[in-house]
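Peer 1: Here you go, this is run-v3.cif (mmCIF, C-alpha atoms).
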```cif
data_query
#
loop_
_atom_site.label_atom_id
_atom_site.label_comp_id
_atom_site.auth_asym_id
_atom_site.auth_seq_id
_atom_site.Cartn_x
_atom_site.Cartn_y
_atom_site.Cartn_z
CA MET A 24 3.08 8.85 0.95
CA ALA A 25 1.55 7.20 -2.15
CA PHE A 26 -2.09 7.19 -3.20
CA ARG A 27 -3.76 4.87 -5.71
CA ARG A 28 -6.70 7.12 -6.62
CA ILE A 29 -7.09 10.87 -6.96
CA SER A 30 -10.16 10.69 -4.70
CA ASP A 31 -8.04 9.16 -1.94
CA TRP A 32 -5.51 11.98 -2.18
CA LEU A 33 -8.24 14.62 -2.03
CA SER A 34 -9.84 12.92 0.98
CA PHE A 35 -6.55 12.61 2.84
CA SER A 36 -5.58 16.18 2.01
CA ALA A 37 -8.81 17.40 3.58
CA VAL A 38 -8.18 15.39 6.74
CA LEU A 39 -4.60 16.62 6.97
CA PHE A 40 -5.69 20.21 6.55
CA GLU A 41 -8.38 19.78 9.21
CA THR A 42 -6.06 18.24 11.79
CA THR A 43 -2.75 19.98 11.20
CA GLY A 44 -3.50 23.12 9.20
CA LEU A 45 -1.15 21.98 6.45
CA ILE A 46 -2.02 21.90 2.79
CA LEU A 47 -0.51 19.23 0.60
CA ALA A 48 1.04 20.93 -2.38
CA CYS A 49 1.82 17.78 -4.30
CA SER A 50 1.30 14.05 -4.24
CA THR A 51 2.96 10.89 -5.42
CA PHE A 52 0.85 8.32 -7.20
CA ALA A 53 2.00 4.72 -7.00
CA LEU A 54 2.47 2.89 -10.25
CA GLN A 55 0.87 -0.49 -10.47
CA ALA A 56 3.62 -3.03 -9.93
CA THR A 57 4.14 -5.99 -12.23
CA SER A 58 5.28 -9.44 -11.24
CA THR A 59 5.76 -12.87 -12.75
CA GLU A 60 4.34 -14.47 -9.61
CA GLN A 61 0.88 -16.00 -9.93
CA PRO A 62 -1.70 -14.76 -7.42
CA PRO A 63 -2.17 -17.29 -4.62
CA GLU A 64 -5.16 -19.60 -4.62
CA PHE A 65 -6.35 -20.75 -1.19
CA ASN A 66 -8.37 -23.88 -0.62
CA VAL A 67 -10.63 -23.84 2.44
CA LYS A 68 -12.41 -27.07 3.31
CA PRO A 69 -15.96 -26.44 4.51
CA GLY A 70 -16.43 -27.36 8.15
CA THR A 71 -19.37 -25.45 9.57
CA ASN A 72 -20.32 -24.21 6.08
CA VAL A 73 -20.44 -20.71 7.57
CA PHE A 74 -18.33 -17.64 6.91
CA PHE A 75 -18.57 -14.07 8.16
CA ALA A 76 -17.92 -10.73 6.46
CA TYR A 77 -17.50 -7.16 7.65
CA GLY A 78 -15.24 -4.17 7.07
CA ASP A 79 -14.16 -0.58 7.70
CA ALA A 80 -13.15 -0.96 11.34
CA ARG A 81 -10.25 1.48 10.84
CA PHE A 82 -8.38 0.36 13.98
CA THR A 83 -6.54 3.30 15.49
CA ASP A 84 -5.97 5.18 18.74
CA PRO A 85 -9.16 4.78 20.83
CA ALA A 86 -9.06 8.54 21.49
CA ALA A 87 -9.46 9.25 17.76
CA CYS A 88 -13.24 8.78 17.90
CA GLU A 89 -13.74 11.11 14.93
CA PHE A 90 -12.37 8.32 12.72
CA SER A 91 -13.55 5.14 14.45
CA ASP A 92 -15.49 4.10 17.55
CA GLN A 93 -13.58 1.60 19.67
CA ARG A 94 -16.73 0.48 21.52
CA TYR A 95 -18.26 -0.92 18.35
CA ARG A 96 -14.96 -2.28 17.03
CA THR A 97 -14.33 -4.39 20.09
CA ALA A 98 -17.97 -5.44 20.55
CA LEU A 99 -18.16 -6.71 16.97
CA VAL A 100 -14.90 -8.64 17.29
CA GLU A 101 -16.05 -10.27 20.53
CA ARG A 102 -19.40 -11.17 19.01
CA MET A 103 -17.87 -12.80 15.94
CA ALA A 104 -15.17 -14.59 17.93
CA ASN A 105 -17.69 -16.08 20.36
CA SER A 106 -20.50 -16.82 17.93
CA ALA A 107 -22.21 -20.19 18.31
CA ASP A 108 -21.94 -20.55 14.53
CA LYS A 109 -18.17 -20.68 14.39
CA PRO A 110 -17.19 -19.53 10.91
CA ASP A 111 -14.73 -21.36 8.70
CA PHE A 112 -13.19 -17.94 7.96
CA LEU A 113 -13.81 -14.19 8.09
CA ILE A 114 -13.83 -11.89 5.06
CA VAL A 115 -12.79 -8.27 5.71
CA THR A 116 -13.73 -5.68 3.07
CA GLY A 117 -10.82 -3.32 3.70
CA ASP A 118 -9.86 -0.25 5.72
CA VAL A 119 -8.63 -2.52 8.47
CA VAL A 120 -6.62 0.33 10.00
CA LEU A 121 -6.83 4.09 9.71
CA THR A 122 -3.35 4.49 8.20
CA GLY A 123 -1.58 1.54 6.62
CA ASP A 124 2.01 2.49 7.40
CA ASN A 125 1.27 3.54 10.99
CA ASP A 126 2.74 0.92 13.34
CA ASP A 127 0.66 2.22 16.23
CA ASP A 128 -2.55 1.51 14.31
CA TRP A 129 -1.42 -2.03 13.63
CA ARG A 130 -0.61 -2.52 17.31
CA VAL A 131 -4.18 -1.48 18.11
CA PHE A 132 -5.41 -3.98 15.51
CA GLU A 133 -3.38 -6.79 17.05
CA ARG A 134 -4.55 -5.93 20.55
CA GLU A 135 -8.23 -5.55 19.71
CA THR A 136 -8.50 -8.69 17.54
CA LYS A 137 -6.90 -11.15 19.93
CA ALA A 138 -10.25 -12.84 20.40
CA LEU A 139 -10.40 -13.77 16.70
CA LYS A 140 -6.95 -15.35 16.85
CA LYS A 141 -7.84 -17.16 20.06
CA ALA A 142 -10.91 -18.57 18.31
CA LYS A 143 -8.64 -19.66 15.42
CA ILE A 144 -10.74 -17.96 12.77
CA PRO A 145 -8.75 -17.48 9.54
CA ILE A 146 -9.00 -13.93 8.18
CA PHE A 147 -9.00 -13.14 4.46
CA PRO A 148 -8.97 -9.36 3.86
CA VAL A 149 -8.88 -7.12 0.81
CA LEU A 150 -7.05 -3.82 0.71
CA GLY A 151 -8.87 -0.57 1.45
CA ASN A 152 -7.72 2.93 0.56
CA HIS A 153 -6.72 3.59 4.18
CA ASP A 154 -4.68 0.38 4.28
CA VAL A 155 -2.36 1.52 1.48
CA ARG A 156 -1.64 4.96 2.90
CA GLY A 157 2.09 5.51 3.15
CA ALA A 158 4.99 3.96 1.27
CA SER A 159 4.90 0.74 3.33
CA GLY A 160 1.15 0.45 3.93
CA GLN A 161 0.48 -2.52 1.66
CA SER A 162 3.55 -4.41 2.83
CA LYS A 163 2.64 -3.97 6.50
CA PHE A 164 -0.93 -4.97 5.75
CA MET A 165 0.13 -8.36 4.41
CA ARG A 166 2.43 -9.04 7.36
CA HIS A 167 -0.46 -8.92 9.82
CA PHE A 168 -2.51 -11.77 8.40
CA ASP A 169 -1.29 -15.32 8.92
CA GLU A 170 -2.99 -16.59 5.77
CA LEU A 171 -1.30 -13.99 3.53
CA LYS A 172 2.08 -13.12 4.99
CA SER A 173 4.01 -15.97 3.40
CA HIS A 174 3.03 -14.82 -0.11
CA GLU A 175 5.53 -12.14 -1.03
CA GLU A 176 3.76 -11.38 -4.30
CA LEU A 177 0.82 -9.91 -2.38
CA LYS A 178 3.02 -7.03 -1.27
CA THR A 179 2.88 -5.69 -4.82
CA GLN A 180 -0.16 -7.41 -6.36
CA ALA A 181 -2.82 -7.80 -3.72
CA TRP A 182 -5.43 -9.97 -5.44
CA TYR A 183 -6.03 -13.67 -4.88
CA SER A 184 -8.73 -16.35 -4.89
CA ILE A 185 -10.32 -18.79 -2.46
CA ASN A 186 -11.95 -22.12 -3.25
CA TYR A 187 -14.59 -23.12 -0.71
CA GLY A 188 -16.70 -26.16 -1.55
CA ASN A 189 -19.07 -25.19 -4.37
CA ALA A 190 -18.15 -21.52 -4.04
CA GLU A 191 -15.26 -19.44 -5.31
CA PHE A 192 -14.06 -16.06 -4.07
CA LEU A 193 -12.25 -13.51 -6.21
CA MET A 194 -10.53 -11.17 -3.74
CA LEU A 195 -9.77 -7.96 -5.63
CA ASP A 196 -7.56 -4.95 -4.96
CA SER A 197 -9.78 -1.99 -5.81
CA GLN A 198 -6.77 0.32 -5.45
CA SER A 199 -5.41 -1.24 -8.66
CA GLN A 200 -6.79 -1.29 -12.19
CA TYR A 201 -9.25 -3.84 -13.64
CA ASN A 202 -8.56 -2.87 -17.26
CA GLU A 203 -8.07 -5.74 -19.66
CA ASP A 204 -4.40 -4.85 -20.20
CA SER A 205 -3.60 -4.55 -16.48
CA PRO A 206 -2.17 -7.46 -14.42
CA GLN A 207 -5.27 -7.69 -12.20
CA GLY A 208 -7.63 -7.22 -15.13
CA GLU A 209 -5.98 -9.98 -17.13
CA TRP A 210 -6.09 -12.34 -14.13
CA LEU A 211 -9.71 -11.48 -13.38
CA ARG A 212 -10.88 -12.19 -16.92
CA LYS A 213 -9.04 -15.52 -16.98
CA LYS A 214 -10.66 -16.49 -13.69
CA LEU A 215 -14.13 -15.56 -14.92
CA LYS A 216 -13.67 -17.54 -18.13
CA SER A 217 -12.57 -20.60 -16.14
CA VAL A 218 -15.58 -20.62 -13.80
CA PRO A 219 -17.34 -23.96 -14.33
CA GLU A 220 -21.05 -23.88 -15.13
CA GLU A 221 -21.74 -26.18 -12.19
CA LEU A 222 -20.28 -23.75 -9.64
CA ALA A 223 -23.04 -22.68 -7.27
CA PHE A 224 -21.76 -19.33 -5.95
CA LEU A 225 -19.20 -16.79 -7.11
CA PHE A 226 -18.27 -14.11 -4.59
CA VAL A 227 -16.44 -11.00 -5.76
CA VAL A 228 -14.93 -9.15 -2.78
CA LEU A 229 -13.39 -5.68 -2.92
CA HIS A 230 -13.32 -2.43 -0.97
CA HIS A 231 -14.97 0.08 -3.32
CA PRO A 232 -18.67 -0.63 -4.01
CA LEU A 233 -20.18 -1.29 -7.42
CA VAL A 234 -23.68 -0.35 -6.26
CA THR A 235 -24.42 2.04 -3.38
CA HIS A 236 -26.99 4.64 -2.42
CA ALA A 237 -24.68 6.60 -0.16
CA SER A 238 -25.85 10.12 0.58
CA ARG A 239 -23.70 13.22 0.26
CA MET A 240 -25.55 14.69 3.23
CA PRO A 241 -23.09 14.78 6.15
CA PHE A 242 -23.43 12.66 9.25
CA LEU A 243 -23.04 15.00 12.22
CA PHE A 244 -21.88 13.73 15.61
CA ARG A 245 -19.98 14.66 18.73
CA CYS A 246 -16.58 13.24 19.61
CA ASN A 247 -14.72 13.80 22.88
CA GLY A 248 -17.19 16.51 23.85
CA ARG A 249 -16.96 18.48 20.62
CA HIS A 250 -18.49 18.43 17.17
CA ALA A 251 -16.41 16.28 14.85
CA LYS A 252 -15.81 16.92 11.18
CA PRO A 253 -18.92 15.89 9.15
CA ALA A 254 -18.63 12.52 7.41
CA ARG A 255 -19.97 12.04 3.88
CA GLY A 256 -20.43 8.89 1.81
CA HIS A 257 -18.75 7.96 -1.46
CA ASP A 258 -20.20 7.62 -4.96
CA VAL A 259 -19.48 4.68 -7.25
CA GLU A 260 -16.24 5.42 -9.11
CA GLY A 261 -15.60 4.92 -12.80
CA ALA A 262 -13.45 1.81 -12.36
CA GLU A 263 -16.22 0.05 -10.46
CA LYS A 264 -18.86 1.09 -12.99
CA ARG A 265 -16.82 -0.63 -15.69
CA LEU A 266 -16.27 -3.67 -13.46
CA LYS A 267 -20.04 -3.95 -13.04
CA PHE A 268 -20.42 -4.23 -16.84
CA LEU A 269 -17.84 -7.02 -16.85
CA LEU A 270 -19.74 -8.95 -14.19
CA ASN A 271 -23.02 -8.41 -16.05
CA ASP A 272 -21.46 -9.97 -19.14
CA PHE A 273 -20.22 -12.90 -17.05
CA TYR A 274 -23.64 -13.50 -15.52
CA LYS A 275 -25.20 -13.73 -18.98
CA THR A 276 -22.85 -16.62 -19.81
CA ARG A 277 -23.30 -18.39 -16.43
CA PRO A 278 -26.94 -17.75 -15.42
CA GLY A 279 -26.92 -20.74 -13.07
CA VAL A 280 -24.07 -19.32 -10.98
CA ARG A 281 -25.27 -16.98 -8.25
CA VAL A 282 -22.96 -13.92 -8.16
CA VAL A 283 -22.58 -11.99 -4.91
CA VAL A 284 -20.47 -8.82 -4.72
CA ILE A 285 -19.32 -7.89 -1.20
CA SER A 286 -17.73 -4.48 -0.64
CA GLY A 287 -17.18 -1.81 2.01
CA HIS A 288 -15.97 1.83 1.83
CA ASN A 289 -19.37 3.34 2.73
CA HIS A 290 -19.75 2.96 6.48
CA ASN A 291 -23.16 1.36 6.72
CA TYR A 292 -25.08 -1.68 5.42
CA GLU A 293 -26.75 -2.02 2.03
CA ARG A 294 -28.15 -4.92 -0.02
CA TYR A 295 -29.52 -4.78 -3.54
CA MET A 296 -30.13 -7.08 -6.49
CA VAL A 297 -29.39 -5.56 -9.89
CA ASP A 298 -29.61 -7.56 -13.14
CA GLY A 299 -29.57 -10.83 -11.19
CA ILE A 300 -26.44 -10.00 -9.18
CA THR A 301 -26.57 -9.45 -5.42
CA TYR A 302 -24.63 -6.45 -4.08
CA ILE A 303 -23.83 -6.11 -0.38
CA VAL A 304 -22.03 -3.19 1.26
CA THR A 305 -20.74 -4.17 4.68
CA GLY A 306 -18.78 -1.22 6.03
CA GLY A 307 -20.11 -0.99 9.57
CA GLY A 308 -17.09 -2.26 11.46
CA GLY A 309 -16.49 0.84 13.56
CA ALA A 310 -15.56 3.70 11.24
CA THR A 311 -17.56 6.94 11.37
CA PRO A 312 -21.04 6.20 9.97
CA TYR A 313 -22.26 7.52 6.62
CA ARG A 314 -25.83 8.30 5.64
CA ILE A 315 -27.56 6.10 3.07
CA SER A 316 -30.46 7.30 0.91
CA ARG A 317 -32.93 4.58 1.90
CA HIS A 318 -36.03 3.75 -0.11
CA ARG A 319 -39.10 1.96 1.14
CA THR A 320 -38.55 -0.83 -1.39
CA ASP A 321 -34.90 -1.44 -0.42
CA PHE A 322 -34.12 -4.83 1.10
CA TYR A 323 -32.80 -2.96 4.14
CA ASN A 324 -34.18 0.51 4.80
CA GLU A 325 -33.53 1.43 8.44
CA SER A 326 -32.13 4.91 8.87
CA GLY A 327 -29.17 5.91 10.97
CA PRO A 328 -25.85 4.19 11.73
CA THR A 329 -25.63 0.43 11.26
CA TYR A 330 -22.63 -1.10 13.01
CA HIS A 331 -22.81 -4.75 12.01
CA TYR A 332 -21.36 -7.94 10.62
CA CYS A 333 -22.75 -10.44 8.10
CA THR A 334 -23.06 -14.21 8.21
CA PHE A 335 -23.32 -16.58 5.22
CA THR A 336 -24.30 -20.24 5.34
CA ILE A 337 -23.96 -22.50 2.31
CA GLN A 338 -25.84 -25.80 2.30
CA GLY A 339 -25.64 -27.46 -1.09
CA ASP A 340 -27.07 -25.05 -3.65
CA VAL A 341 -28.65 -22.78 -1.03
CA LEU A 342 -26.99 -19.68 0.39
CA GLN A 343 -28.52 -17.95 3.39
CA GLY A 344 -27.22 -14.57 4.48
CA ALA A 345 -27.95 -12.43 7.51
CA MET A 346 -26.89 -9.09 8.94
CA TYR A 347 -26.53 -8.56 12.67
CA LYS A 348 -26.67 -5.00 13.98
CA ILE A 349 -25.09 -4.06 17.28
CA ASN A 350 -26.27 -1.33 19.65
CA PHE A 351 -25.56 -0.22 23.19
CA THR A 352 -28.73 0.12 25.25
CA ALA A 353 -28.67 1.11 28.93
CA GLY A 354 -25.07 0.01 29.17
CA ASN A 355 -25.75 -3.40 27.62
CA THR A 356 -24.68 -4.74 24.24
CA ARG A 357 -27.64 -5.65 22.07
CA VAL A 358 -27.30 -7.64 18.84
CA GLU A 359 -30.25 -8.09 16.49
CA GLU A 360 -30.70 -9.79 13.15
CA LYS A 361 -31.82 -6.97 10.85
CA ASP A 362 -31.66 -8.53 7.41
CA HIS A 363 -31.96 -12.05 6.05
CA PHE A 364 -31.98 -13.46 2.53
CA LYS A 365 -31.75 -16.71 0.59
CA LEU A 366 -30.22 -17.42 -2.82
CA ILE A 367 -30.59 -20.70 -4.71
CA ALA A 368 -28.13 -21.62 -7.43
CA ALA A 369 -29.30 -22.65 -10.89
CA GLU A 370 -32.70 -20.95 -10.56
CA SER A 371 -34.06 -19.56 -13.78
CA THR A 372 -35.22 -16.35 -12.06
CA PRO A 373 -33.74 -14.31 -9.15
#
```
Go ahead and express the file in the form of structure tokens.
Peer 2:
Amino acid sequence: MAFRRISDWLSFSAVLFETTGLILACSTFALQATSTEQPPEFNVKPGTNVFFAYGDARFTDPAACEFSDQRYRTALVERMANSADKPDFLIVTGDVVLTGDNDDDWRVFERETKALKKAKIPIFPVLGNHDVRGASGQSKFMRHFDELKSHEELKTQAWYSINYGNAEFLMLDSQSQYNEDSPQGEWLRKKLKSVPEELAFLFVVLHHPLVTHASRMPFLFRCNGRHAKPARGHDVEGAEKRLKFLLNDFYKTRPGVRVVVISGHNHNYERYMVDGITYIVTGGGGATPYRISRHRTDFYNESGPTYHYCTFTIQGDVLQGAMYKINFTAGNTRVEEKDHFKLIAAESTP
């Protein structure tokens, strides 16, 4: 089994020790592959001018409630698939399944997302650290998305772009490097340099967050009648800290372009604006919740788990975003809008 980051190996080792009593004595780290293929560029014609985003469902055996809650997974899928605002596409911020090379997990994914396929909603995902677990994780990941599976280059270099009206999406692989001399880093810098000044919105989508207030205090819960292993959030890693500097430099050269970074990894919802850039963490797709250190001045400051999905509507130079939280109350599914924001391109101030 190959891991892209040391933190992923440490996390998986802990899980393996907890569940099997085995200790991993060594690990194999995957080298970043090189390819002469150019990353694919998808063109999506705006129809409803709406797209959705969510992540960290971690589809797996419904009995494995210590990793993911099937009730919320399926409720969120049904809600998105049957929304009155039919999206032009769905963005997924990674950790689609619990273990990328586990065929059983992918069968659960296929079974539990039938409603999305029936609704004919295109899905554009980015890789999460769980998705690349195992030698064939990334390859199997690409085979399960109709929009990606015909692009063989994505099995080794999993970044690509989407053009959508007056918006562009840079879909990054946060398991790979962003350094200037790396394949993804070189591609990313070329894409940023080529962004036209008249573009209204630039979305940068990846799994690992660039800004998060995740707490290291464990989230304690019961699973199958017993106390499950405590779940703790993740800090911002060094690679993402450096990526944030790169985006800050870009924003200085294109102040009229509204930049929105959408990530997952921490299993909750967060929204911040830092140096003119909007950062959204949407990781409430079903995976075990993490605590967030909320502040009264945060855009969203409700405590506790936040299973949710996000909607985005672009009308001209105006972007409106919303977060819908799902709960089960007295046996009924309850969905509430819990956050809403508006961004206008070409404003002189945020």
Peer 1: Going by the chain IDs and residue numbers used in this file, which residues fall under the PyMOL selection byres ((chain A and resi 149) around 9)? Write them as a PDB file with C-alpha atoms, keeping the file's coordinate frame.
Peer 2:
```pdb
ATOM      1  CA  ILE A 114     -13.830 -11.890   5.060  1.00  0.00           C
ATOM      2  CA  VAL A 115     -12.790  -8.270   5.710  1.00  0.00           C
ATOM      3  CA  THR A 116     -13.730  -5.680   3.070  1.00  0.00           C
ATOM      4  CA  GLY A 117     -10.820  -3.320   3.700  1.00  0.00           C
ATOM      5  CA  ASP A 118      -9.860  -0.250   5.720  1.00  0.00           C
ATOM      6  CA  VAL A 119      -8.630  -2.520   8.470  1.00  0.00           C
ATOM      7  CA  PHE A 147      -9.000 -13.140   4.460  1.00  0.00           C
ATOM      8  CA  PRO A 148      -8.970  -9.360   3.860  1.00  0.00           C
ATOM      9  CA  LEU A 150      -7.050  -3.820   0.710  1.00  0.00           C
ATOM     10  CA  GLY A 151      -8.870  -0.570   1.450  1.00  0.00           C
ATOM     11  CA  ALA A 181      -2.820  -7.800  -3.720  1.00  0.00           C
ATOM     12  CA  TRP A 182      -5.430  -9.970  -5.440  1.00  0.00           C
ATOM     13  CA  MET A 194     -10.530 -11.170  -3.740  1.00  0.00           C
ATOM     14  CA  LEU A 195      -9.770  -7.960  -5.630  1.00  0.00           C
ATOM     15  CA  ASP A 196      -7.560  -4.950  -4.960  1.00  0.00           C
ATOM     16  CA  SER A 197      -9.780  -1.990  -5.810  1.00  0.00           C
ATOM     17  CA  VAL A 228     -14.930  -9.150  -2.780  1.00  0.00           C
ATOM     18  CA  LEU A 229     -13.390  -5.680  -2.920  1.00  0.00           C
ATOM     19  CA  HIS A 230     -13.320  -2.430  -0.970  1.00  0.00           C
TER      20      HIS A 230
END
```
Peer 1: Run the PyMOL selection byres ((chain A and resi 135) around 10) on the file and write out the hits as a PDB file with C-alpha atoms, keeping the file's coordinate frame.
Peer 2:
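Once written, result-v3.pdb looks like this:
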```
ATOM      1  CA  PHE A  82      -8.380   0.360  13.980  1.00  0.00           C
ATOM      2  CA  THR A  83      -6.540   3.300  15.490  1.00  0.00           C
ATOM      3  CA  GLN A  93     -13.580   1.600  19.670  1.00  0.00           C
ATOM      4  CA  ARG A  96     -14.960  -2.280  17.030  1.00  0.00           C
ATOM      5  CA  THR A  97     -14.330  -4.390  20.090  1.00  0.00           C
ATOM      6  CA  ALA A  98     -17.970  -5.440  20.550  1.00  0.00           C
ATOM      7  CA  VAL A 100     -14.900  -8.640  17.290  1.00  0.00           C
ATOM      8  CA  GLU A 101     -16.050 -10.270  20.530  1.00  0.00           C
ATOM      9  CA  TRP A 129      -1.420  -2.030  13.630  1.00  0.00           C
ATOM     10  CA  ARG A 130      -0.610  -2.520  17.310  1.00  0.00           C
ATOM     11  CA  VAL A 131      -4.180  -1.480  18.110  1.00  0.00           C
ATOM     12  CA  PHE A 132      -5.410  -3.980  15.510  1.00  0.00           C
ATOM     13  CA  GLU A 133      -3.380  -6.790  17.050  1.00  0.00           C
ATOM     14  CA  ARG A 134      -4.550  -5.930  20.550  1.00  0.00           C
ATOM     15  CA  THR A 136      -8.500  -8.690  17.540  1.00  0.00           C
ATOM     16  CA  LYS A 137      -6.900 -11.150  19.930  1.00  0.00           C
ATOM     17  CA  ALA A 138     -10.250 -12.840  20.400  1.00  0.00           C
ATOM     18  CA  LEU A 139     -10.400 -13.770  16.700  1.00  0.00           C
TER      19      LEU A 139
END
```
Peer 1: Which is closer to Ala80 of chain A than all the others in A:Gly123, A:Pro110, A:Gly306, A:Gly299, using only C-alpha atoms?
Peer 2: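 Closest residue, counting only C-alpha atoms: A:Gly306.
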Peer 1: Pick the closest to Lys214 of chain A from A:Pro62, A:Gly279, A:Tyr292, A:Asp258: which is it, counting only C-alpha atoms?
Peer 2: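 The shortest atom-to-atom distance to Lys214 of chain A comes from A:Pro62.
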Peer 1: Considering all atoms listed in the file, state which residue in the set A:Met346, A:Gln61, A:Pro85, A:Pro241 is at the smallest distance from Gln180 of chain A.
Peer 2: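 The answer is A:Gln61, which sits nearest to Gln180 of chain A.
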Peer 1: I need the residue nearest Gly287 of chain A from this list: A:Thr320, A:Asn186, A:Thr235, A:Gln338. Use all atoms listed in the file for the distance.
Peer 2: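 Looking at the shortest contact to Gly287 of chain A, the residue is A:Thr235.
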Peer 1: Using all atoms listed in the file, can you tell me which of A:Arg277, A:Lys252, A:Lys143, A:Arg239 comes closest to Asn289 of chain A?
Peer 2: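 Comparing A:Arg277, A:Lys252, A:Lys143, A:Arg239 against Asn289 of chain A, the winner is A:Arg239.
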Peer 1: Could you state the separation of atom CA of Leu270 of chain A and atom CA of Gln198 of chain A in Å, given to one decimal place?
Peer 2: 18.2 Å
Peer 1: Do you have the atom CA of Val282 of chain A-atom CA of Phe224 of chain A distance handy?
Peer 2: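 Atom CA of Val282 of chain A sits 6.0 Å away from atom CA of Phe224 of chain A.
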Peer 1: Point out the residue among A:Gln200, A:Ser286, A:Asn189, A:Asn291 with the least atom-to-atom distance to Glu325 of chain A, counting only C-alpha atoms.
Peer 2: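 Closest to Glu325 of chain A, using only C-alpha atoms: A:Asn291.
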Peer 1: Could you work out how far atom CA of Thr329 of chain A lies from atom CA of Tyr95 of chain A, giving the answer in Å with one decimal?
Peer 2: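 Interatomic distance here is 10.3 Å.
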Peer 1: Provide an axis-aligned box for all listed atoms of segment 167-172 of chain A, padding each side by 6 Å; report its centre and its edge lengths in Å to one decimal, as AutoDock Vina command-line options.
Peer 2:
```
--center_x -0.5 --center_y -12.8 --center_z 6.7 --size_x 17.1 --size_y 19.7 --size_z 18.3
```
Peer 1: Can you list, as number ranges by chain, the residues that the PyMOL selection byres ((chain A and resi 273) around 12) selects here?
Peer 2: A: 211-220, 225, 266-272, 274-282, 298-300
Peer 1: Show me, as a JSON list (two decimals) with C-alpha atoms, in the coordinates of the input, the residues that have an atom within 6 Å of Ala345 of chain A when counting only C-alpha atoms, minus same-chain residues fewer than 2 positions from it.
Peer 2:
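What landed in part28.json:
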```
[["chain", "number", "residue", "atom", "x", "y", "z"],
["A", 333, "CYS", "CA", -22.75, -10.44, 8.10],
["A", 334, "THR", "CA", -23.06, -14.21, 8.21],
["A", 362, "ASP", "CA", -31.66, -8.53, 7.41],
["A", 363, "HIS", "CA", -31.96, -12.05, 6.05]]
```
Peer 1: Neighbours of Lys172 of chain A within 10 Å (only C-alpha atoms; same-chain residues fewer than 6 positions away dropped), as number ranges by chain?
Peer 2: A: 162-166, 178
Peer 1: Which polymer residues have any atom within 10 Å of an atom of Thr356 of chain A, counting only C-alpha atoms, with same-chain residues fewer than 2 positions away left out, as a ChimeraX atom specification?
Peer 2: /A:94-95,98-99,102,349-354,358
